[in-house]
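So this one's model_13.txt, compact mmCIF, C-alpha atoms and all ligand atoms:
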```
# COMPACT_ATOMS: atom_id res chain seq x y z
CA MET A 1 0.00 0.00 0.00
CA VAL A 2 1.27 3.46 -0.93
CA LYS A 3 1.79 5.66 2.06
CA ARG A 4 0.89 9.31 2.30
CA GLY A 5 2.67 12.01 4.26
CA ALA A 6 1.90 12.47 7.94
CA PHE A 7 -0.07 15.49 9.12
CA ILE A 8 1.40 16.90 12.32
CA VAL A 9 -0.08 19.86 14.21
CA ILE A 10 1.75 21.76 16.92
CA GLU A 11 -0.33 23.83 19.33
CA GLY A 12 0.45 25.75 22.46
CA LEU A 13 0.22 29.06 24.28
CA ASP A 14 2.20 32.08 23.18
CA ARG A 15 5.87 31.78 24.22
CA SER A 16 5.63 28.00 24.49
CA GLY A 17 8.35 27.60 21.84
CA LYS A 18 6.09 26.62 18.93
CA SER A 19 8.01 28.48 16.24
CA THR A 20 11.38 27.19 17.44
CA GLN A 21 10.15 23.63 17.77
CA THR A 22 8.29 23.53 14.44
CA SER A 23 11.50 24.68 12.71
CA LEU A 24 13.59 22.10 14.57
CA LEU A 25 11.08 19.39 13.69
CA ARG A 26 11.18 20.35 10.04
CA ALA A 27 15.00 20.22 10.10
CA ASN A 28 14.93 16.79 11.76
CA LEU A 29 12.49 15.41 9.20
CA GLU A 30 14.51 16.82 6.32
CA ALA A 31 17.71 15.40 7.78
CA ALA A 32 15.97 12.01 7.79
CA GLY A 33 15.24 12.48 4.07
CA ILE A 34 11.49 13.11 4.52
CA PRO A 35 9.96 15.74 2.23
CA THR A 36 8.40 18.25 4.60
CA GLU A 37 6.32 21.42 4.39
CA LEU A 38 5.78 23.81 7.30
CA ILE A 39 2.58 25.87 7.32
CA LYS A 40 1.79 28.53 9.87
CA PHE A 41 -1.74 29.57 10.84
CA PRO A 42 -2.83 32.25 10.55
CA ASP A 43 -1.23 32.50 7.10
CA ARG A 44 -1.00 36.28 7.01
CA THR A 45 -0.01 36.43 3.32
CA THR A 46 -3.46 35.88 1.77
CA ALA A 47 -6.17 38.55 1.46
CA ILE A 48 -8.03 37.00 4.41
CA GLY A 49 -4.72 36.63 6.26
CA GLN A 50 -4.09 40.36 5.88
CA MET A 51 -7.45 41.12 7.51
CA ILE A 52 -6.49 38.80 10.38
CA ASP A 53 -3.07 40.44 10.69
CA SER A 54 -4.61 43.89 10.88
CA TYR A 55 -7.07 42.68 13.55
CA LEU A 56 -4.31 41.08 15.65
CA LYS A 57 -2.29 44.28 15.50
CA SER A 58 -5.40 46.21 16.62
CA GLN A 59 -5.35 48.22 13.42
CA SER A 60 -8.94 47.13 12.83
CA ASP A 61 -11.84 45.87 14.93
CA LEU A 62 -14.12 43.00 14.00
CA ASP A 63 -17.02 41.24 15.66
CA ASP A 64 -15.81 38.13 17.53
CA HIS A 65 -17.86 35.84 15.25
CA VAL A 66 -16.44 37.46 12.13
CA ILE A 67 -12.79 37.07 13.13
CA HIS A 68 -13.46 33.47 14.15
CA LEU A 69 -14.88 32.71 10.71
CA LEU A 70 -11.93 34.46 9.03
CA PHE A 71 -9.45 32.27 10.93
CA SER A 72 -11.39 29.23 9.76
CA ALA A 73 -11.64 30.52 6.19
CA ASN A 74 -7.87 31.03 6.28
CA ARG A 75 -7.49 27.28 6.97
CA TRP A 76 -9.97 26.41 4.22
CA GLU A 77 -7.89 28.46 1.78
CA LEU A 78 -5.02 26.04 2.37
CA ALA A 79 -6.98 22.82 2.92
CA SER A 80 -6.65 21.54 -0.65
CA THR A 81 -2.93 22.39 -0.66
CA ILE A 82 -2.48 20.40 2.55
CA GLU A 83 -4.35 17.44 1.06
CA LYS A 84 -2.28 17.51 -2.13
CA LEU A 85 0.95 17.63 -0.17
CA LEU A 86 -0.06 14.71 2.05
CA THR A 87 -1.23 12.63 -0.91
CA SER A 88 2.02 13.30 -2.76
CA GLY A 89 3.97 11.91 0.20
CA THR A 90 5.02 15.17 1.85
CA THR A 91 4.82 15.42 5.62
CA VAL A 92 2.97 18.58 6.66
CA ILE A 93 3.63 20.39 9.94
CA CYS A 94 1.15 23.08 10.98
CA ASP A 95 2.14 25.70 13.53
CA ARG A 96 -1.38 26.17 15.06
CA TYR A 97 -4.59 24.83 13.52
CA ALA A 98 -8.31 24.55 14.28
CA PHE A 99 -7.60 23.86 17.98
CA SER A 100 -6.23 27.39 18.37
CA GLY A 101 -9.33 28.59 16.57
CA ILE A 102 -11.60 27.12 19.24
CA ALA A 103 -9.38 27.88 22.23
CA PHE A 104 -9.02 31.59 21.52
CA SER A 105 -12.59 32.30 20.39
CA ALA A 106 -14.21 30.24 23.15
CA SER A 107 -12.03 32.16 25.64
CA LYS A 108 -13.76 35.30 24.49
CA GLY A 109 -17.12 33.74 25.35
CA LEU A 110 -18.31 32.30 22.04
CA PRO A 111 -20.08 28.94 22.48
CA TYR A 112 -17.69 26.00 22.18
CA GLU A 113 -19.90 24.07 19.74
CA TRP A 114 -20.37 27.13 17.56
CA CYS A 115 -16.58 27.54 17.42
CA ARG A 116 -16.07 23.95 16.24
CA ALA A 117 -18.60 24.13 13.42
CA PRO A 118 -16.78 25.99 10.61
CA ASP A 119 -13.81 23.62 10.79
CA VAL A 120 -15.94 20.50 10.26
CA SER A 121 -14.39 18.29 7.55
CA LEU A 122 -11.02 20.04 7.36
CA PRO A 123 -8.16 17.51 7.15
CA ALA A 124 -7.56 16.06 10.63
CA PRO A 125 -4.01 15.70 11.91
CA ASP A 126 -2.50 12.27 12.48
CA LEU A 127 -0.88 13.71 15.59
CA ALA A 128 -1.45 16.92 17.54
CA LEU A 129 1.32 17.94 19.93
CA PHE A 130 0.40 20.44 22.61
CA LEU A 131 3.38 22.35 24.00
CA GLN A 132 2.41 22.77 27.61
CA ILE A 133 3.74 25.68 29.63
CA THR A 134 2.31 27.63 32.55
CA PRO A 135 1.37 31.25 31.85
CA GLU A 136 3.92 32.23 34.56
CA ALA A 137 6.76 30.35 32.82
CA ALA A 138 5.71 31.80 29.46
CA LYS A 139 5.80 35.29 30.92
CA ALA A 140 9.24 34.64 32.46
CA ARG A 141 10.56 33.82 28.99
CA GLY A 142 10.52 37.45 28.03
CA GLY A 143 6.95 38.47 28.32
CA TYR A 144 4.23 38.67 25.76
CA GLY A 145 4.29 40.85 22.70
CA GLU A 146 2.03 43.61 21.63
CA GLU A 147 -0.63 41.69 19.76
CA ARG A 148 -4.19 41.12 20.81
CA TYR A 149 -4.61 38.06 23.09
CA GLU A 150 -1.03 38.32 24.45
CA ARG A 151 -2.17 38.88 28.02
CA GLU A 152 -1.82 36.60 31.00
CA GLU A 153 -5.57 36.24 31.83
CA MET A 154 -6.36 35.43 28.22
CA GLN A 155 -3.53 32.89 27.98
CA ARG A 156 -4.75 31.24 31.16
CA SER A 157 -8.28 30.68 29.87
CA VAL A 158 -6.94 29.62 26.45
CA GLY A 159 -4.82 27.00 28.23
CA GLU A 160 -7.89 25.68 30.06
CA ILE A 161 -9.87 25.35 26.85
CA PHE A 162 -6.93 23.60 25.15
CA HIS A 163 -7.20 20.99 27.91
CA ARG A 164 -10.88 20.49 27.24
CA ILE A 165 -10.18 20.15 23.51
CA GLY A 166 -7.40 17.65 24.19
CA ALA A 167 -9.64 15.46 26.33
CA GLU A 168 -12.49 15.67 23.89
CA ILE A 169 -10.68 14.95 20.65
CA ALA A 170 -8.63 12.18 22.24
CA SER A 171 -11.90 10.44 23.05
CA GLU A 172 -12.94 11.01 19.43
CA GLY A 173 -9.81 9.30 18.12
CA VAL A 174 -7.38 12.13 17.29
CA ARG A 175 -3.96 11.58 18.85
CA TRP A 176 -3.38 14.55 21.15
CA VAL A 177 -0.16 14.50 23.12
CA ALA A 178 0.89 17.09 25.71
CA VAL A 179 4.63 17.77 25.69
CA ASP A 180 6.23 19.56 28.64
CA ALA A 181 7.54 22.71 26.98
CA GLY A 182 9.00 24.02 30.23
CA HIS A 183 12.11 21.87 29.67
CA GLU A 184 15.28 22.90 27.84
CA ARG A 185 14.96 23.37 24.10
CA ASP A 186 16.93 20.22 23.26
CA GLN A 187 14.82 18.10 25.57
CA VAL A 188 11.57 19.35 24.05
CA GLU A 189 13.01 18.72 20.56
CA GLU A 190 13.87 15.16 21.56
CA ASP A 191 10.44 14.53 23.11
CA ILE A 192 8.69 15.78 19.98
CA TRP A 193 10.91 13.65 17.75
CA MET A 194 10.08 10.56 19.77
CA PHE A 195 6.37 11.03 18.91
CA VAL A 196 6.87 12.07 15.29
CA LYS A 197 9.52 9.54 14.26
CA PRO A 198 7.13 6.57 14.01
CA LEU A 199 5.00 8.59 11.53
CA ALA A 200 7.91 9.95 9.53
CA GLN A 201 8.02 7.09 7.02
CA GLY A 202 4.43 7.86 6.05
CA VAL A 203 0.93 6.93 7.08
CA GLU A 204 -1.43 4.32 5.65
CA GLY A 205 -5.08 5.01 5.04
CA PRO A 206 -7.08 8.02 3.94
CA ILE A 207 -6.74 11.51 5.34
CA ARG A 208 -9.18 11.83 8.21
CA ARG A 209 -11.55 14.74 8.78
CA LEU A 210 -12.37 17.04 11.66
CA TRP A 211 -14.12 16.28 13.87
CA PRO A 212 -13.83 12.53 13.78
N1 LIG A 301 -5.44 32.50 16.67
C1 LIG A 301 -4.82 31.69 15.81
C2 LIG A 301 -6.82 32.52 16.81
O1 LIG A 301 -7.38 33.27 17.60
N2 LIG A 301 -7.56 31.67 16.04
C3 LIG A 301 -6.99 30.82 15.14
O2 LIG A 301 -7.70 30.05 14.45
C4 LIG A 301 -5.56 30.82 15.02
C5 LIG A 301 -4.90 29.92 14.04
O3 LIG A 301 -3.95 34.33 16.58
F1 LIG A 301 -2.95 34.77 19.52
C6 LIG A 301 -4.64 33.47 17.47
C7 LIG A 301 -3.56 32.87 18.32
C8 LIG A 301 -2.58 34.00 18.45
C9 LIG A 301 -2.77 34.83 17.21
O4 LIG A 301 -0.97 33.62 16.18
C10 LIG A 301 -1.62 34.83 16.23
P1 LIG A 301 0.65 33.59 16.14
O5 LIG A 301 0.98 32.14 16.18
O6 LIG A 301 1.11 34.35 17.35
O7 LIG A 301 1.02 34.25 14.85
MG MG A 302 1.78 35.54 18.68
```
Could you quickly redo this structure as structure tokens?
Amino acid sequence: MVKRGAFIVIEGLDRSGKSTQTSLLRANLEAAGIPTELIKFPDRTTAIGQMIDSYLKSQSDLDDHVIHLLFSANRWELASTIEKLLTSGTTVICDRYAFSGIAFSASKGLPYEWCRAPDVSLPAPDLALFLQITPEAAKARGGYGEERYEREEMQRSVGEIFHRIGAEIASEGVRWVAVDAGHERDQVEEDIWMFVKPLAQGVEGPIRRLWP
């Protein structure tokens, strides 16, 4: 049976080391000879992505429902690209995905079920890694930036909703693994590699869909 590429999602709070670790993971996969593509959500380069960027920088204001739908639309813009890559045998790493979509919008008070709806039938990851860090440790790493949502209270409630998502999707059959991101960079890199390595040679079976 021909194998397809693995779909790996990395989630976490701000300052949890997502960008560093997604780059290290890509380098490790490439060093192992695995064709790999790294996609970051939001993808701020598209027309929708530019609206999201302007909102995050507080250069524009949008209704909470509207920005939620734009984040989801931004994933839909890339969904067929992700599918093509996976089918052609490329491993895809996403830095944030639909789980961030729910965690951040539900933190603002939008109903959890409503937040899940627009992402129904997007490609589902074969593995979701959650980089776990306390808001205190994240803050100690140099503080949050200037963008919307980069505040301790917000990060705390986002973290709580991520836990709910993790429990829920694990019971639905998506592999959700929490990695302790409070460790040294090399240790976190090694822990992530331990989970990804078994998938690196490809995955059998069709691409699954959210929410399984
Ligand atoms: N974010 C990200 C959301 O609110 N919804 C989403 O669907 C996604 C993908 O955007 F605060 C939030 C999370 C974060 C902000 O993300 C920008 P980066 O990773 O800091 O660029
Ligand atoms: Mg950020």
**OP:** With all atoms listed in the file counted, collect every polymer residue having an atom within 9 Å of ligand MG 302 (chain A); state the result as a count of residues only.
**Re:** 11
**OP:** Using all atoms listed in the file, find each residue with an atom at most 7 Å away from ligand LIG 301 (chain A) and format the answer as a ChimeraX atom specification.
**Re:** /A:14,41-42,56,68,71-72,96-98,100-102,104-105,148-150
Subject >> Nearby residues, (-4.6, 16.5, 22.6) file frame, 6 Å, all atoms listed in the file, as a list in words >> reply: Ala128, Gly166, Ala170, Trp176 and Val177 of chain A
Original post:
A:Trp76, A:Phe162, A:Tyr55, A:Tyr112: which is nearest A:Leu131, counting all atoms listed in the file?
Top reply: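 When distances to A:Leu131 are compared using all atoms listed in the file, the smallest one comes from A:Phe162.
Relative to atom CA of A:Glu189, atom CA of A:Thr20 is found at 9.2 Å.
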Could the centre and edge lengths of an axis-aligned box, enclosing all atoms of stretch 201-206 of chain A in the file with 6 Å extra on each side, be given in Å to one decimal as AutoDock Vina command-line options?
```
--center_x 0.5 --center_y 6.2 --center_z 5.5 --size_x 27.1 --size_y 15.7 --size_z 15.1
```
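Closest approach to A:Gly89 among A:Asp63, A:Glu160, A:Glu172, A:Glu37: A:Glu37, based on all atoms listed in the file.
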Original post:
Could you name the residues that touch stretch 194-200 of chain A at 7 Å or less, counting all atoms listed in the file, but leaving out those on the same chain fewer than 4 positions away, as number ranges by chain?
Top reply: A: 6, 34, 190
Next, dump the selected residues to file, keeping only C-alpha atoms, as a compact mmCIF listing (two decimals), in the coordinates of the input.
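Output (part28.txt):
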```txt
# COMPACT_ATOMS: atom_id res chain seq x y z
CA ALA A 6 1.90 12.47 7.94
CA ILE A 34 11.49 13.11 4.52
CA GLU A 190 13.87 15.16 21.56
```
Original post:
Which residue, A:Lys84, A:Arg141, A:Arg164, A:Arg75, has the smallest gap to A:Ser107 when you use all atoms listed in the file?
Top reply: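 Nearest candidate to A:Ser107 out of A:Lys84, A:Arg141, A:Arg164, A:Arg75: A:Arg164.
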Original post:
Looking at all atoms listed in the file, which of A:Asp180, A:Asp119, A:Asp64, A:Glu204 is the one that sits closest to A:Ala106?
Top reply: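 Closest residue, counting all atoms listed in the file: A:Asp64.
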Original post:
Skipping near chain neighbours, those fewer than 5 positions away, what residues fall within 9 Å of A:Lys108 using only C-alpha atoms, listed as an MDAnalysis selection string?
Top reply: chainID A and resid 64 103 154 157
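In this structure, atom CA of A:Leu122 sits 6.6 Å away from atom CA of A:Ala79.
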Since the input lacks atoms, please generate N, CA, C and O atoms for stretch 36-52 of chain A and provide them as a CSV table (one decimal), keeping the file's coordinate frame.
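Contents of part.csv, as written:
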```csv
chain,number,residue,atom,x,y,z
A,36,THR,N,9.2,17.6,3.5
A,36,THR,CA,8.4,18.2,4.6
A,36,THR,C,8.0,19.7,4.2
A,36,THR,O,8.8,20.4,3.6
A,37,GLU,N,6.8,20.0,4.6
A,37,GLU,CA,6.3,21.4,4.4
A,37,GLU,C,5.8,21.9,5.7
A,37,GLU,O,5.1,21.2,6.5
A,38,LEU,N,6.2,23.2,6.1
A,38,LEU,CA,5.8,23.8,7.3
A,38,LEU,C,4.8,24.9,7.0
A,38,LEU,O,5.1,25.8,6.2
A,39,ILE,N,3.6,24.9,7.6
A,39,ILE,CA,2.6,25.9,7.3
A,39,ILE,C,2.2,26.5,8.6
A,39,ILE,O,2.1,25.8,9.6
A,40,LYS,N,2.1,27.8,8.6
A,40,LYS,CA,1.8,28.5,9.9
A,40,LYS,C,0.4,29.2,9.8
A,40,LYS,O,0.1,29.8,8.8
A,41,PHE,N,-0.4,28.9,10.8
A,41,PHE,CA,-1.7,29.6,10.8
A,41,PHE,C,-1.8,30.5,12.0
A,41,PHE,O,-1.3,30.2,13.1
A,42,PRO,N,-2.3,31.8,11.8
A,42,PRO,CA,-2.8,32.2,10.6
A,42,PRO,C,-1.7,32.4,9.5
A,42,PRO,O,-0.6,32.8,9.8
A,43,ASP,N,-2.1,32.2,8.2
A,43,ASP,CA,-1.2,32.5,7.1
A,43,ASP,C,-1.6,33.9,6.7
A,43,ASP,O,-2.6,34.2,6.1
A,44,ARG,N,-0.7,34.8,7.1
A,44,ARG,CA,-1.0,36.3,7.0
A,44,ARG,C,-0.8,36.8,5.6
A,44,ARG,O,-1.0,38.0,5.4
A,45,THR,N,-0.4,36.0,4.7
A,45,THR,CA,0.0,36.4,3.3
A,45,THR,C,-1.2,36.5,2.4
A,45,THR,O,-1.2,37.2,1.4
A,46,THR,N,-2.3,35.8,2.7
A,46,THR,CA,-3.5,35.9,1.8
A,46,THR,C,-4.3,37.1,2.1
A,46,THR,O,-4.1,37.8,3.1
A,47,ALA,N,-5.3,37.4,1.2
A,47,ALA,CA,-6.2,38.6,1.5
A,47,ALA,C,-6.9,38.4,2.8
A,47,ALA,O,-6.9,39.4,3.6
A,48,ILE,N,-7.4,37.2,3.1
A,48,ILE,CA,-8.0,37.0,4.4
A,48,ILE,C,-7.0,37.1,5.5
A,48,ILE,O,-7.2,37.7,6.6
A,49,GLY,N,-5.8,36.6,5.3
A,49,GLY,CA,-4.7,36.6,6.3
A,49,GLY,C,-4.3,38.1,6.6
A,49,GLY,O,-4.0,38.4,7.7
A,50,GLN,N,-4.4,39.0,5.6
A,50,GLN,CA,-4.1,40.4,5.9
A,50,GLN,C,-5.1,41.0,6.8
A,50,GLN,O,-4.8,41.9,7.6
A,51,MET,N,-6.4,40.6,6.6
A,51,MET,CA,-7.4,41.1,7.5
A,51,MET,C,-7.2,40.6,8.9
A,51,MET,O,-7.4,41.4,9.9
A,52,ILE,N,-6.8,39.4,9.1
A,52,ILE,CA,-6.5,38.8,10.4
A,52,ILE,C,-5.3,39.5,11.0
A,52,ILE,O,-5.3,39.9,12.2
```
